[in-house]
$ cat target-v5.cif   # mmCIF, C-alpha atoms
data_data
loop_
_atom_site.label_atom_id
_atom_site.label_comp_id
_atom_site.auth_asym_id
_atom_site.auth_seq_id
_atom_site.Cartn_x
_atom_site.Cartn_y
_atom_site.Cartn_z
CA MET A 1 95.22 109.68 75.14
CA VAL A 2 95.01 105.87 75.25
CA ASN A 3 98.43 104.26 75.41
CA ASN A 4 98.66 101.58 72.70
CA LYS A 5 100.42 99.28 75.18
CA TRP A 6 96.96 98.60 76.62
CA ASN A 7 95.92 97.18 73.24
CA LYS A 8 98.74 94.65 72.75
CA LYS A 9 97.35 91.11 72.52
CA TYR A 10 98.16 89.64 75.94
CA THR A 11 97.61 92.91 77.83
CA LYS A 12 94.28 93.43 76.05
CA GLU A 13 93.17 89.88 76.88
CA SER A 14 94.38 89.82 80.51
CA HIS A 15 93.33 93.29 81.69
CA ASN A 16 89.95 94.96 82.08
CA CYS A 17 88.29 98.25 82.99
CA TYR A 18 89.31 97.83 86.63
CA THR A 19 93.02 97.55 85.85
CA TYR A 20 92.68 100.36 83.29
CA PHE A 21 90.97 102.58 85.88
CA LEU A 22 93.81 101.85 88.32
CA ASN A 23 96.36 102.33 85.51
CA LYS A 24 98.01 99.05 86.53
CA LYS A 25 99.39 96.47 84.15
CA SER A 26 100.58 93.08 85.34
CA LYS A 27 103.38 91.05 83.80
CA THR A 28 102.09 87.97 85.65
CA ALA A 29 98.58 88.37 84.21
CA LYS A 30 100.03 88.75 80.69
CA ARG A 31 102.25 85.69 81.19
CA ASN A 32 99.35 83.58 82.50
CA CYS A 33 97.18 84.74 79.60
CA LYS A 34 99.78 83.81 77.00
CA ILE A 35 100.05 80.31 78.48
CA LEU A 36 96.28 79.84 78.64
CA LEU A 37 95.61 81.10 75.10
CA ASN A 38 98.41 78.92 73.73
CA LYS A 39 96.77 75.94 75.47
CA GLY A 40 93.55 76.67 73.58
CA ASN A 41 91.58 78.68 76.16
CA LYS A 42 89.39 81.34 74.61
CA ARG A 43 89.55 83.85 77.50
CA CYS A 44 91.99 84.92 80.19
CA PRO A 45 91.06 85.64 83.81
CA ARG A 46 91.35 89.27 84.88
CA PRO A 47 91.79 90.97 88.27
CA GLN A 48 88.48 91.94 89.85
CA PRO A 49 87.51 94.53 92.48
CA GLY A 50 87.83 93.15 95.99
CA TYR A 51 90.11 90.21 95.20
CA ALA A 52 93.25 91.94 96.50
CA SER A 53 91.57 92.48 99.87
CA GLY A 54 90.19 88.94 100.15
CA PHE A 55 86.60 89.29 98.92
CA GLN A 56 85.05 86.20 97.38
CA LYS A 57 84.23 85.84 93.67
CA ILE A 58 81.78 88.50 92.49
CA LYS A 59 78.14 87.36 92.30
CA LYS A 60 75.31 89.04 90.40
CA SER A 61 74.01 90.45 93.68
CA ASP A 62 77.36 92.27 94.14
CA TYR A 63 76.79 94.49 91.10
CA THR A 64 75.49 97.41 93.13
CA CYS A 65 77.14 100.77 93.70
CA LYS A 66 77.49 100.20 97.44
CA LYS A 67 79.18 96.81 97.08
CA MET A 68 81.45 97.76 94.18
CA ILE A 69 82.60 100.95 95.95
CA LYS A 70 83.35 98.89 99.06
CA ARG A 71 85.41 96.39 97.04
CA THR A 72 87.29 99.15 95.19
CA ILE A 73 88.28 101.04 98.33
CA ALA A 74 89.10 97.83 100.24
CA ASP A 75 91.66 96.96 97.53
CA ASN A 76 92.97 100.50 97.30
CA PRO A 77 92.60 102.43 100.59
CA THR A 78 94.33 105.49 99.11
CA ILE A 79 91.52 105.98 96.59
CA GLN A 80 88.99 108.62 97.62
CA LYS A 81 85.37 109.04 96.62
CA THR A 82 84.76 112.59 95.43
CA THR A 83 82.05 114.99 94.33
CA LYS A 84 84.54 117.71 93.43
CA LYS A 85 85.29 118.79 89.88
CA ARG A 86 89.04 118.23 90.30
CA CYS A 87 91.17 115.82 92.25
CA PRO A 88 94.09 116.96 94.43
CA LYS A 89 97.60 117.16 92.98
CA GLY A 90 99.05 113.69 92.49
CA TYR A 91 95.64 112.12 91.75
CA TYR A 92 93.56 111.56 88.63
CA LYS A 93 89.80 111.13 88.34
CA GLY A 94 87.95 107.87 87.78
CA ALA A 95 84.29 106.93 87.59
CA LEU A 96 82.27 103.81 88.40
CA PHE A 97 78.99 102.70 86.84
CA VAL A 98 77.02 99.48 87.22
CA ALA A 99 74.55 97.53 85.16
CA PRO A 100 72.62 96.33 88.23
CA LYS A 101 72.88 92.56 88.83
CA LYS A 102 74.86 92.23 85.60
CA ASP A 103 78.30 93.93 85.62
CA TYR A 104 80.41 96.96 86.56
CA HIS A 105 82.43 99.42 84.50
CA TYR A 106 85.16 101.96 85.32
CA TYR A 107 86.45 104.98 83.40
CA ARG A 108 89.68 106.97 83.84
CA LYS A 109 90.28 110.65 83.07
CA HIS A 110 93.47 111.38 81.15
CA LYS A 111 95.84 114.35 81.32
CA ASP A 112 94.21 115.82 78.21
CA LYS A 113 90.89 115.96 80.13
CA LYS A 114 89.32 113.25 77.96
CA TRP A 115 88.10 109.99 79.43
CA GLY A 116 89.14 106.47 78.48
CA HIS A 117 87.99 102.97 79.33
CA LYS A 118 88.55 99.33 78.47
CA MET A 119 85.61 97.02 78.07
CA SER A 120 86.61 93.52 79.24
CA TRP A 121 88.89 91.93 76.60
CA SER A 122 88.29 94.73 74.10
CA LYS A 123 90.76 97.48 73.22
CA ALA A 124 91.14 100.54 75.43
CA THR A 125 89.42 103.52 73.86
CA MET A 126 88.38 107.10 74.41
CA ARG A 127 85.03 106.60 72.69
CA ASP A 128 81.61 105.51 73.90
CA VAL A 129 79.33 102.81 72.46
CA LYS A 130 78.20 105.12 69.65
CA GLY A 131 81.79 106.04 68.76
CA LYS A 132 81.62 109.54 70.25
CA LEU A 133 84.64 110.97 72.05
CA LEU A 134 84.29 110.58 75.82
CA LYS A 135 84.16 114.04 77.35
CA ASN A 136 81.95 113.10 80.29
CA PRO A 137 81.18 109.45 81.12
CA LYS A 138 77.83 110.47 82.68
CA LYS A 139 76.69 111.80 79.30
CA ALA A 140 78.22 108.99 77.23
CA SER A 141 76.37 106.12 75.64
CA ARG A 142 77.02 103.16 77.97
CA ASN A 143 74.55 100.53 76.72
CA TYR A 144 76.73 97.58 75.70
CA LYS A 145 74.32 94.93 74.50
CA ARG A 146 76.76 92.12 75.27
CA PHE A 147 77.73 93.34 78.75
CA GLY A 148 74.79 95.42 79.95
CA ASN A 149 73.50 98.92 80.20
CA PHE A 150 75.75 100.71 82.67
CA ASN A 151 73.01 103.23 83.43
CA LYS A 152 73.65 103.53 87.18
CA PHE A 153 76.32 106.10 88.07
CA CYS A 154 77.94 105.22 91.39
CA THR A 155 80.65 107.76 92.12
CA TYR A 156 83.73 109.58 91.00
CA PHE A 157 87.05 108.62 92.58
CA CYS A 158 90.36 110.38 93.01
CA VAL A 159 93.03 107.77 92.30
CA PRO A 160 96.67 108.33 93.30
CA LYS A 161 98.95 108.50 90.26
CA LYS A 162 101.56 106.47 92.15
CA THR A 163 100.61 103.70 94.54
CA LYS A 164 102.52 100.88 96.15
CA LYS A 165 99.43 98.67 96.46
CA ASN A 166 99.40 95.98 93.79
CA ILE A 167 96.34 94.31 92.39
CA LYS A 168 96.10 90.72 93.58
CA LEU A 169 96.66 88.43 90.66
CA LEU A 170 95.52 84.96 89.87
CA PRO A 171 97.89 82.06 90.58
CA LYS A 172 100.63 81.35 88.07
CA VAL A 173 99.64 78.96 85.31
CA LYS A 174 101.97 76.02 84.73
#

$ encode --input "target-v5.cif" --output "structure tokens"
Amino acid sequence: MVNNKWNKKYTKESHNCYTYFLNKKSKTAKRNCKILLNKGNKRCPRPQPGYASGFQKIKKSDYTCKKMIKRTIADNPTIQKTTKKRCPKGYYKGALFVAPKKDYHYYRKHKDKKWGHKMSWSKATMRDVKGKLLKNPKKASRNYKRFGNFNKFCTYFCVPKKTKKNIKLLPKVK
């Protein structure tokens, strides 16, 4: 079940599918977002795959399975790619899709066996584009006109439920 804390204004605006997939919320990102929105900015920056491990800003050519998997695992070495139906104890399942040369999108499997995701600055949800409950992200409708058609399945991941590795955040806003 989606935790409503993901849908509070500054969390919703400062977090994305990557942070949702990792199940990581950042007080610093929320604080920076609040400052930026109060200054009149329309959008808040969000953590991106690869930034914690020193990769440069994502370019359109980076929106491939190979490159996004590399960025994800570089940030989070305890995450494992998997083809198995279940993850080991202490892990939950995640999935990565790309809209080639356009964008990436992650999903996270919840305790109740349903999947959830968070599209950019939108609310976290357990429904696909057509409003259907997400039972399997591979079978879900993933064609977001504004963001792209995430038609390329990359991999499933097993993500540790508890990790000490933090997502690198953007500098504090003054």

$ resolve_selection --input "target-v5.cif" --expression "the PyMOL selection byres ((chain A and resi 18-28) around 6)" --output "short mmCIF file (atom, residue, chain, number, x, y, z; two decimals) with C-alpha atoms, keeping the file's coordinate frame"
data_model
loop_
_atom_site.label_atom_id
_atom_site.label_comp_id
_atom_site.auth_asym_id
_atom_site.auth_seq_id
_atom_site.Cartn_x
_atom_site.Cartn_y
_atom_site.Cartn_z
CA HIS A 15 93.33 93.29 81.69
CA ASN A 16 89.95 94.96 82.08
CA CYS A 17 88.29 98.25 82.99
CA ALA A 29 98.58 88.37 84.21
CA LYS A 30 100.03 88.75 80.69
CA ARG A 31 102.25 85.69 81.19
CA TYR A 106 85.16 101.96 85.32
CA TYR A 107 86.45 104.98 83.40
CA ARG A 108 89.68 106.97 83.84
#

$ residues_near_point --input "target-v5.cif" --point "(73.4, 93.5, 83.1)" --cutoff "8 Å" --atoms "all atoms listed in the file" --output "PyMOL selection string"
chain A and resi 99-103+147-150

$ closest_residue --input "target-v5.cif" --among "A:Lys66, A:Cys87, A:Trp115, A:Asn32" --to "Lys132 in chain A" --atoms "all atoms listed in the file"
A:Trp115

$ resolve_selection --input "target-v5.cif" --expression "the PyMOL selection byres ((chain A and resi 14) around 6)" --output "ChimeraX atom specification"
/A:10-13,15,29-30,33,44,46

$ resolve_selection --input "target-v5.cif" --expression "the PyMOL selection byres ((chain A and resi 55) around 12)" --output "MDAnalysis selection string"
chainID A and resid 47:54 56:59 62 67:68 70:75 168

$ closest_residue --input "target-v5.cif" --among "A:Lys161, A:Lys9, A:Lys60, A:Lys113" --to "Lys85 in chain A" --atoms "all atoms listed in the file"
A:Lys113

$ atom_distance --input "target-v5.cif" --atom1 "CA of Phe153 in chain A" --atom2 "CA of Thr78 in chain A"
21.1 Å

$ atom_distance --input "target-v5.cif" --atom1 "CA of Trp121 in chain A" --atom2 "CA of Lys145 in chain A"
15.0 Å

$ atom_distance --input "target-v5.cif" --atom1 "CA of Tyr91 in chain A" --atom2 "CA of Val129 in chain A"
26.9 Å

$ closest_residue --input "target-v5.cif" --among "A:Leu37, A:Ala140, A:Ile79, A:Cys154" --to "Phe97 in chain A" --atoms "all atoms listed in the file"
A:Cys154

$ closest_residue --input "target-v5.cif" --among "A:Tyr104, A:Trp6, A:Ala124, A:Lys39" --to "Arg142 in chain A" --atoms "only C-alpha atoms"
A:Tyr104

$ closest_residue --input "target-v5.cif" --among "A:Pro45, A:Pro160, A:Gly131, A:Pro77" --to "Lys89 in chain A" --atoms "only C-alpha atoms"
A:Pro160

$ axis_aligned_box --input "target-v5.cif" --around "range 122-137 of chain A" --padding-each-side "3 Å" --output "JSON"
{"center_x": 84.7, "center_y": 104.4, "center_z": 74.9, "size_x": 18.9, "size_y": 25.3, "size_z": 18.4}

$ closest_residue --input "target-v5.cif" --among "A:Thr64, A:Thr155, A:Ser141, A:Thr82" --to "Val98 in chain A" --atoms "only C-alpha atoms"
A:Thr64
